[in-house]
>>> print(open('my_file.txt').read())   # compact mmCIF, C-alpha atoms
# COMPACT_ATOMS: atom_id res chain seq x y z
CA MET A 1 26.90 -33.24 -0.82
CA PHE A 2 26.12 -31.14 2.24
CA HIS A 3 28.65 -30.49 5.02
CA LEU A 4 26.97 -29.24 8.19
CA PHE A 5 28.83 -27.55 11.03
CA SER A 6 26.71 -29.47 13.55
CA PRO A 7 24.00 -32.19 13.41
CA VAL A 8 20.48 -31.04 12.43
CA SER A 9 17.86 -33.78 12.78
CA PHE A 10 15.29 -32.05 10.55
CA PHE A 11 17.72 -31.13 7.74
CA ASN A 12 16.03 -33.35 5.13
CA GLN A 13 12.62 -31.87 5.92
CA LEU A 14 14.09 -28.37 5.79
CA MET A 15 15.55 -28.92 2.33
CA ALA A 16 12.24 -30.35 1.09
CA PHE A 17 10.29 -27.31 2.31
CA SER A 18 9.21 -24.70 -0.24
CA VAL A 19 11.29 -21.86 1.22
CA SER A 20 14.61 -23.73 0.96
CA ALA A 21 16.80 -24.37 -2.04
CA PRO A 22 20.50 -25.07 -2.56
CA VAL A 23 22.38 -22.18 -4.21
CA PRO A 24 25.98 -21.77 -5.43
CA TRP A 25 28.67 -20.37 -3.16
CA THR A 26 28.95 -17.44 -5.56
CA TYR A 27 25.59 -16.18 -4.28
CA ASN A 28 25.68 -13.45 -1.64
CA GLN A 29 25.69 -15.21 1.72
CA ASN A 30 24.23 -12.27 3.63
CA GLY A 31 22.10 -10.25 1.21
CA LEU A 32 19.52 -10.53 -1.54
CA GLN A 33 20.05 -13.19 -4.17
CA PRO A 34 20.18 -12.46 -7.92
CA SER A 35 16.74 -11.94 -9.42
CA THR A 36 17.40 -10.70 -12.94
CA ALA A 37 16.76 -12.92 -15.94
CA GLY A 38 19.83 -14.98 -16.77
CA SER A 39 21.41 -14.69 -13.33
CA VAL A 40 19.18 -17.09 -11.39
CA ILE A 41 20.56 -20.60 -11.06
CA GLY A 42 18.13 -23.47 -10.58
CA THR A 43 17.13 -26.97 -11.68
CA GLY A 44 13.35 -26.62 -11.88
CA PRO A 45 11.01 -27.23 -14.83
CA TYR A 46 10.98 -23.50 -15.66
CA VAL A 47 13.60 -20.81 -16.18
CA LEU A 48 13.20 -17.12 -15.35
CA THR A 49 13.10 -15.13 -18.59
CA THR A 50 11.58 -11.83 -17.43
CA HIS A 51 11.53 -10.15 -14.04
CA VAL A 52 10.23 -6.67 -13.24
CA PRO A 53 10.48 -6.32 -9.43
CA ASP A 54 7.09 -6.07 -7.71
CA GLN A 55 5.30 -6.22 -11.07
CA LEU A 56 5.99 -9.16 -13.35
CA VAL A 57 7.62 -12.60 -13.46
CA VAL A 58 7.72 -14.70 -16.64
CA LEU A 59 8.75 -18.36 -16.49
CA ASP A 60 9.44 -20.38 -19.63
CA ARG A 61 9.81 -24.13 -20.14
CA ASN A 62 13.23 -25.47 -19.18
CA PRO A 63 14.30 -27.52 -22.24
CA THR A 64 16.93 -29.37 -20.19
CA TYR A 65 14.76 -30.29 -17.20
CA TYR A 66 16.29 -33.44 -15.77
CA ASN A 67 13.18 -35.58 -15.19
CA PRO A 68 9.97 -34.67 -17.10
CA SER A 69 8.31 -37.92 -15.90
CA LEU A 70 8.98 -37.24 -12.22
CA TYR A 71 5.27 -37.34 -11.27
CA GLN A 72 4.10 -39.69 -14.01
CA ALA A 73 3.20 -42.38 -11.45
CA GLU A 74 0.68 -39.95 -9.89
CA GLY A 75 -0.86 -39.26 -13.28
CA ILE A 76 0.84 -35.87 -13.60
CA GLY A 77 3.13 -35.23 -16.50
CA PRO A 78 5.17 -34.87 -18.38
CA ILE A 79 6.28 -31.69 -16.72
CA PRO A 80 6.20 -28.83 -17.21
CA LYS A 81 2.60 -28.93 -18.38
CA MET A 82 2.67 -25.43 -19.91
CA ASP A 83 5.28 -23.68 -22.01
CA ARG A 84 4.98 -20.38 -20.13
CA VAL A 85 3.70 -19.07 -16.80
CA VAL A 86 3.11 -15.34 -16.39
CA ILE A 87 2.85 -14.00 -12.84
CA ASN A 88 1.43 -10.50 -12.44
CA ILE A 89 2.13 -9.10 -8.97
CA LYS A 90 -0.57 -6.81 -7.60
CA SER A 91 0.04 -4.26 -4.87
CA THR A 92 -3.52 -4.31 -3.51
CA ASP A 93 -6.21 -6.92 -2.99
CA SER A 94 -8.68 -4.70 -4.87
CA ALA A 95 -6.49 -4.91 -7.98
CA LEU A 96 -6.39 -8.69 -7.61
CA LYS A 97 -10.17 -8.76 -7.29
CA GLN A 98 -10.52 -6.72 -10.48
CA ASP A 99 -8.36 -9.21 -12.38
CA ILE A 100 -10.62 -12.02 -11.16
CA GLU A 101 -13.76 -10.12 -12.22
CA THR A 102 -12.40 -9.48 -15.72
CA LYS A 103 -10.91 -12.99 -15.97
CA ALA A 104 -7.46 -11.52 -16.57
CA VAL A 105 -5.98 -14.32 -14.45
CA ASP A 106 -6.39 -18.07 -14.38
CA VAL A 107 -5.18 -18.50 -10.80
CA ALA A 108 -5.21 -15.94 -7.98
CA PHE A 109 -2.91 -16.58 -5.05
CA ARG A 110 -2.61 -15.22 -1.53
CA THR A 111 -4.89 -12.60 0.01
CA ILE A 112 -8.32 -11.52 -1.10
CA ALA A 113 -10.08 -9.32 1.46
CA PRO A 114 -13.04 -11.05 3.16
CA VAL A 115 -15.45 -8.37 1.96
CA ASP A 116 -14.20 -8.81 -1.63
CA LEU A 117 -14.51 -12.58 -1.40
CA ALA A 118 -18.07 -12.24 -0.10
CA ASP A 119 -18.86 -9.87 -2.99
CA LEU A 120 -17.45 -12.28 -5.58
CA GLU A 121 -19.40 -15.12 -4.00
CA GLY A 122 -22.61 -13.11 -4.19
CA ARG A 123 -22.04 -12.28 -7.86
CA GLN A 124 -20.52 -15.54 -9.03
CA THR A 125 -23.43 -16.38 -11.35
CA SER A 126 -23.39 -13.01 -13.12
CA LEU A 127 -19.58 -13.07 -13.32
CA GLY A 128 -19.48 -16.66 -14.57
CA LEU A 129 -17.35 -17.75 -11.62
CA THR A 130 -17.51 -20.54 -9.08
CA VAL A 131 -16.41 -19.64 -5.56
CA LYS A 132 -15.45 -22.57 -3.34
CA HIS A 133 -14.20 -22.54 0.23
CA GLY A 134 -11.48 -24.97 1.23
CA SER A 135 -9.18 -25.65 4.14
CA SER A 136 -5.89 -23.79 4.37
CA PRO A 137 -2.71 -24.05 6.46
CA GLN A 138 -2.50 -20.24 6.61
CA ILE A 139 -2.92 -18.87 10.14
CA ARG A 140 -3.08 -15.48 11.85
CA PHE A 141 -1.95 -15.00 15.40
CA LEU A 142 -0.88 -12.37 17.93
CA VAL A 143 2.84 -12.06 18.58
CA PHE A 144 4.28 -10.40 21.68
CA ASN A 145 7.66 -8.80 22.07
CA VAL A 146 8.60 -10.42 25.36
CA ASN A 147 11.10 -7.61 26.00
CA LEU A 148 8.19 -5.16 26.13
CA VAL A 149 5.66 -7.54 27.72
CA PRO A 150 7.94 -9.63 29.95
CA ASP A 151 5.34 -10.88 32.44
CA LYS A 152 3.67 -14.00 31.12
CA HIS A 153 0.54 -13.28 33.18
CA VAL A 154 -0.24 -10.29 30.98
CA ARG A 155 0.16 -12.40 27.85
CA GLN A 156 -2.00 -15.13 29.37
CA ALA A 157 -4.67 -12.55 30.28
CA ILE A 158 -4.85 -11.46 26.66
CA ALA A 159 -5.03 -15.11 25.58
CA TYR A 160 -8.01 -15.57 27.91
CA SER A 161 -9.68 -12.45 26.50
CA VAL A 162 -9.49 -13.19 22.78
CA ASP A 163 -12.88 -14.00 21.27
CA ARG A 164 -12.14 -16.05 18.17
CA GLY A 165 -15.80 -16.36 17.22
CA ALA A 166 -16.21 -12.57 17.21
CA ILE A 167 -13.05 -12.09 15.16
CA ASN A 168 -14.24 -14.67 12.63
CA SER A 169 -17.68 -13.10 12.41
CA LEU A 170 -16.76 -9.40 12.40
CA VAL A 171 -13.40 -9.42 10.60
CA PHE A 172 -13.49 -12.48 8.34
CA LEU A 173 -17.26 -12.53 7.75
CA GLY A 174 -17.45 -16.17 8.79
CA GLN A 175 -14.89 -17.28 6.19
CA ALA A 176 -12.24 -18.42 8.68
CA THR A 177 -12.10 -21.18 11.29
CA PRO A 178 -11.19 -20.43 14.93
CA LEU A 179 -7.75 -21.83 15.69
CA TYR A 180 -6.71 -23.20 19.09
CA SER A 181 -3.17 -24.27 18.23
CA MET A 182 -0.11 -22.99 16.43
CA ILE A 183 -0.58 -25.99 14.11
CA PRO A 184 -3.69 -25.91 11.87
CA PRO A 185 -6.01 -28.93 12.32
CA ASP A 186 -5.45 -30.10 8.74
CA LEU A 187 -1.74 -30.63 9.40
CA PRO A 188 -0.23 -33.57 11.29
CA PHE A 189 -0.06 -33.21 15.07
CA GLY A 190 -2.57 -30.33 15.16
CA SER A 191 -4.47 -30.35 18.45
CA PRO A 192 -6.74 -27.61 19.97
CA VAL A 193 -4.61 -27.23 23.11
CA PHE A 194 -5.57 -23.58 23.66
CA GLN A 195 -9.30 -24.32 23.67
CA GLY A 196 -9.23 -26.14 26.99
CA LYS A 197 -6.59 -23.89 28.53
CA TYR A 198 -7.90 -20.43 27.59
CA GLY A 199 -11.24 -20.83 25.81
CA ASP A 200 -12.79 -17.66 24.36
CA ALA A 201 -13.61 -14.29 25.93
CA GLN A 202 -12.80 -15.53 29.44
CA CYS A 203 -12.48 -12.01 30.83
CA ALA A 204 -13.09 -13.06 34.45
CA SER A 205 -10.03 -15.31 34.28
CA ALA A 206 -8.07 -12.51 32.62
CA ASN A 207 -9.04 -10.04 35.34
CA ALA A 208 -8.03 -12.51 38.03
CA LEU A 209 -4.56 -12.78 36.53
CA LEU A 210 -4.16 -9.03 36.29
CA LEU A 211 -5.34 -8.54 39.85
CA GLN A 212 -2.61 -10.93 40.97
CA LEU A 213 -0.14 -8.43 39.55
CA GLY A 214 -1.67 -5.66 41.60
CA SER A 215 -2.66 -3.88 38.43
CA ALA A 216 -5.60 -1.52 38.36
CA MET A 217 -6.24 -2.43 34.77
CA ARG A 218 -9.55 -4.13 34.15
CA LEU A 219 -10.65 -5.76 30.95
CA GLN A 220 -14.07 -4.88 29.62
CA ALA A 221 -16.70 -7.55 29.15
CA GLU A 222 -15.79 -7.88 25.51
CA ILE A 223 -12.47 -7.48 23.78
CA VAL A 224 -12.37 -7.71 20.03
CA ALA A 225 -8.95 -7.73 18.47
CA VAL A 226 -8.92 -6.76 14.82
CA ALA A 227 -5.82 -7.57 12.88
CA ARG A 228 -5.05 -7.84 9.21
CA ASP A 229 -1.81 -8.94 7.66
CA ARG A 230 -0.91 -7.84 4.22
>>> encode(input="my_file.txt", output="structure tokens")
Amino acid sequence: MFHLFSPVSFFNQLMAFSVSAPVPWTYNQNGLQPSTAGSVIGTGPYVLTTHVPDQLVVLDRNPTYYNPSLYQAEGIGPIPKMDRVVINIKSTDSALKQDIETKAVDVAFRTIAPVDLADLEGRQTSLGLTVKHGSSPQIRFLVFNVNLVPDKHVRQAIAYSVDRGAINSLVFLGQATPLYSMIPPDLPFGSPVFQGKYGDAQCASANALLLQLGSAMRLQAEIVAVARDR
């Protein structure tokens, strides 16, 4: 049973989200949680049996998992499907690419550099791989510290100036999709609200905003913002 200090309308959704999980009161309420084998408390289909920080995680079948037929109605099960899952954590995307090339992994997760993905796609026949592109809820966006950029007109000018097509072409090699909302189009309620409001590379509109501030700053005809998150 949960006892909340105040009502939270989205509490059920929060608890169902992947980043949330109930933990015992004995866990540190303000710091890192236990991560060594034998100290992690959970109810999932696997138990943590080996953990080398930033290198290796080994998960073994939980013999006391409470409901192996949980997804049987969807044709999945019983769970867990495998006795062991080994997660090798790589510090660079080039190391991840090498594991894909040598087939040292069955599943690669998270970031592969666009140039590496293009290379794998070009060599998929010789490598015996199949590269497929799919939709993703992962997004990249600019974030402003409003304490350092307090005037919204400056932030709006930058929004006008961003050229999503150029970023997609030059940075992501055409592998991404321009986004005009904080909610990706594949998720519920996604709508391209920024497309009609700011468009792309609207430097004349950006200059007009900056001139209203009395600033001598002028934006060039093209502004290409290059950003990578790791």
>>> closest_residue(input="my_file.txt", among="A:Leu213, A:Val57, A:Ala157, A:Leu170", to="A:Ala201", atoms="all atoms listed in the file")
A:Ala157
>>> residues_around(input="my_file.txt", residues="stretch 140-146 of chain A", least_positions_apart="2", cutoff="12 Å", atoms="all atoms listed in the file", output="count of residues only")
34
>>> atom_distance(input="my_file.txt", atom1="atom CA of A:Ala206", atom2="atom CA of A:Val193")
17.9 Å
>>> residues_around(input="my_file.txt", residues="stretch 18-31 of chain A", least_positions_apart="3", cutoff="10 Å", atoms="only C-alpha atoms", output="PyMOL selection string")
chain A and resi 2+13-15+34+40-43
>>> atom_distance(input="my_file.txt", atom1="atom CA of A:Pro45", atom2="atom CA of A:Asn88")
19.4 Å
>>> decode(input="my_file.txt", residues="stretch 59-139 of chain A", atoms="C-alpha atoms", output="short mmCIF file (atom, residue, chain, number, x, y, z; two decimals), in the first residue's frame")
data_model
loop_
_atom_site.label_atom_id
_atom_site.label_comp_id
_atom_site.auth_asym_id
_atom_site.auth_seq_id
_atom_site.Cartn_x
_atom_site.Cartn_y
_atom_site.Cartn_z
CA LEU A 59 21.08 -11.75 -14.63
CA ASP A 60 19.97 -15.30 -13.84
CA ARG A 61 16.50 -16.87 -13.83
CA ASN A 62 14.50 -16.12 -10.70
CA PRO A 63 13.28 -19.56 -9.54
CA THR A 64 10.58 -17.98 -7.37
CA TYR A 65 9.15 -15.56 -9.93
CA TYR A 66 5.54 -15.03 -8.92
CA ASN A 67 3.77 -15.33 -12.29
CA PRO A 68 5.62 -17.10 -15.16
CA SER A 69 2.42 -17.04 -17.28
CA LEU A 70 1.92 -13.29 -16.94
CA TYR A 71 2.06 -12.67 -20.71
CA GLN A 72 0.77 -16.06 -21.84
CA ALA A 73 -2.39 -14.49 -23.30
CA GLU A 74 -0.19 -12.45 -25.68
CA GLY A 75 1.65 -15.59 -26.77
CA ILE A 76 4.73 -14.76 -24.68
CA GLY A 77 5.85 -17.17 -22.05
CA PRO A 78 6.45 -18.71 -19.79
CA ILE A 79 8.84 -16.11 -18.52
CA PRO A 80 11.71 -15.73 -18.23
CA LYS A 81 12.44 -17.12 -21.68
CA MET A 82 16.19 -17.54 -21.05
CA ASP A 83 18.09 -18.83 -18.06
CA ARG A 84 20.72 -16.08 -18.19
CA VAL A 85 21.18 -12.61 -19.67
CA VAL A 86 24.69 -11.15 -19.89
CA ILE A 87 24.98 -7.38 -20.37
CA ASN A 88 28.37 -6.06 -21.43
CA ILE A 89 28.61 -2.30 -20.96
CA LYS A 90 30.76 -0.50 -23.52
CA SER A 91 32.31 2.90 -22.92
CA THR A 92 32.36 3.94 -26.60
CA ASP A 93 30.10 3.47 -29.60
CA SER A 94 33.08 2.17 -31.60
CA ALA A 95 33.47 -0.70 -29.12
CA LEU A 96 29.77 -1.47 -29.48
CA LYS A 97 30.13 -1.45 -33.25
CA GLN A 98 33.02 -3.90 -33.03
CA ASP A 99 30.92 -6.31 -30.97
CA ILE A 100 28.21 -6.14 -33.65
CA GLU A 101 30.74 -6.80 -36.42
CA THR A 102 32.17 -9.84 -34.64
CA LYS A 103 28.70 -11.03 -33.53
CA ALA A 104 29.80 -10.92 -29.89
CA VAL A 105 26.34 -9.62 -28.96
CA ASP A 106 22.81 -10.71 -29.79
CA VAL A 107 21.22 -7.34 -29.02
CA ALA A 108 22.84 -3.89 -29.06
CA PHE A 109 21.08 -1.14 -27.18
CA ARG A 110 21.32 2.64 -27.10
CA THR A 111 23.68 4.72 -29.24
CA ILE A 112 25.49 3.76 -32.39
CA ALA A 113 27.07 6.73 -34.16
CA PRO A 114 25.35 7.62 -37.45
CA VAL A 115 28.57 7.11 -39.41
CA ASP A 116 29.01 3.65 -37.85
CA LEU A 117 25.41 2.72 -38.58
CA ALA A 118 25.85 3.81 -42.20
CA ASP A 119 29.03 1.72 -42.42
CA LEU A 120 27.29 -1.37 -41.01
CA GLU A 121 24.41 -0.85 -43.42
CA GLY A 122 26.81 -0.65 -46.36
CA ARG A 123 28.57 -3.86 -45.31
CA GLN A 124 25.61 -5.84 -44.04
CA THR A 125 25.88 -8.50 -46.77
CA SER A 126 29.57 -9.18 -46.16
CA LEU A 127 29.05 -9.12 -42.39
CA GLY A 128 25.99 -11.38 -42.55
CA LEU A 129 23.82 -8.74 -40.87
CA THR A 130 20.48 -7.17 -41.61
CA VAL A 131 20.17 -3.47 -40.80
CA LYS A 132 16.62 -2.17 -40.41
CA HIS A 133 15.45 1.33 -39.55
CA GLY A 134 12.49 1.75 -37.24
CA SER A 135 10.70 4.48 -35.35
CA SER A 136 11.95 5.48 -31.92
CA PRO A 137 10.68 7.61 -29.03
CA GLN A 138 14.22 8.90 -28.41
CA ILE A 139 14.56 12.64 -29.05
#
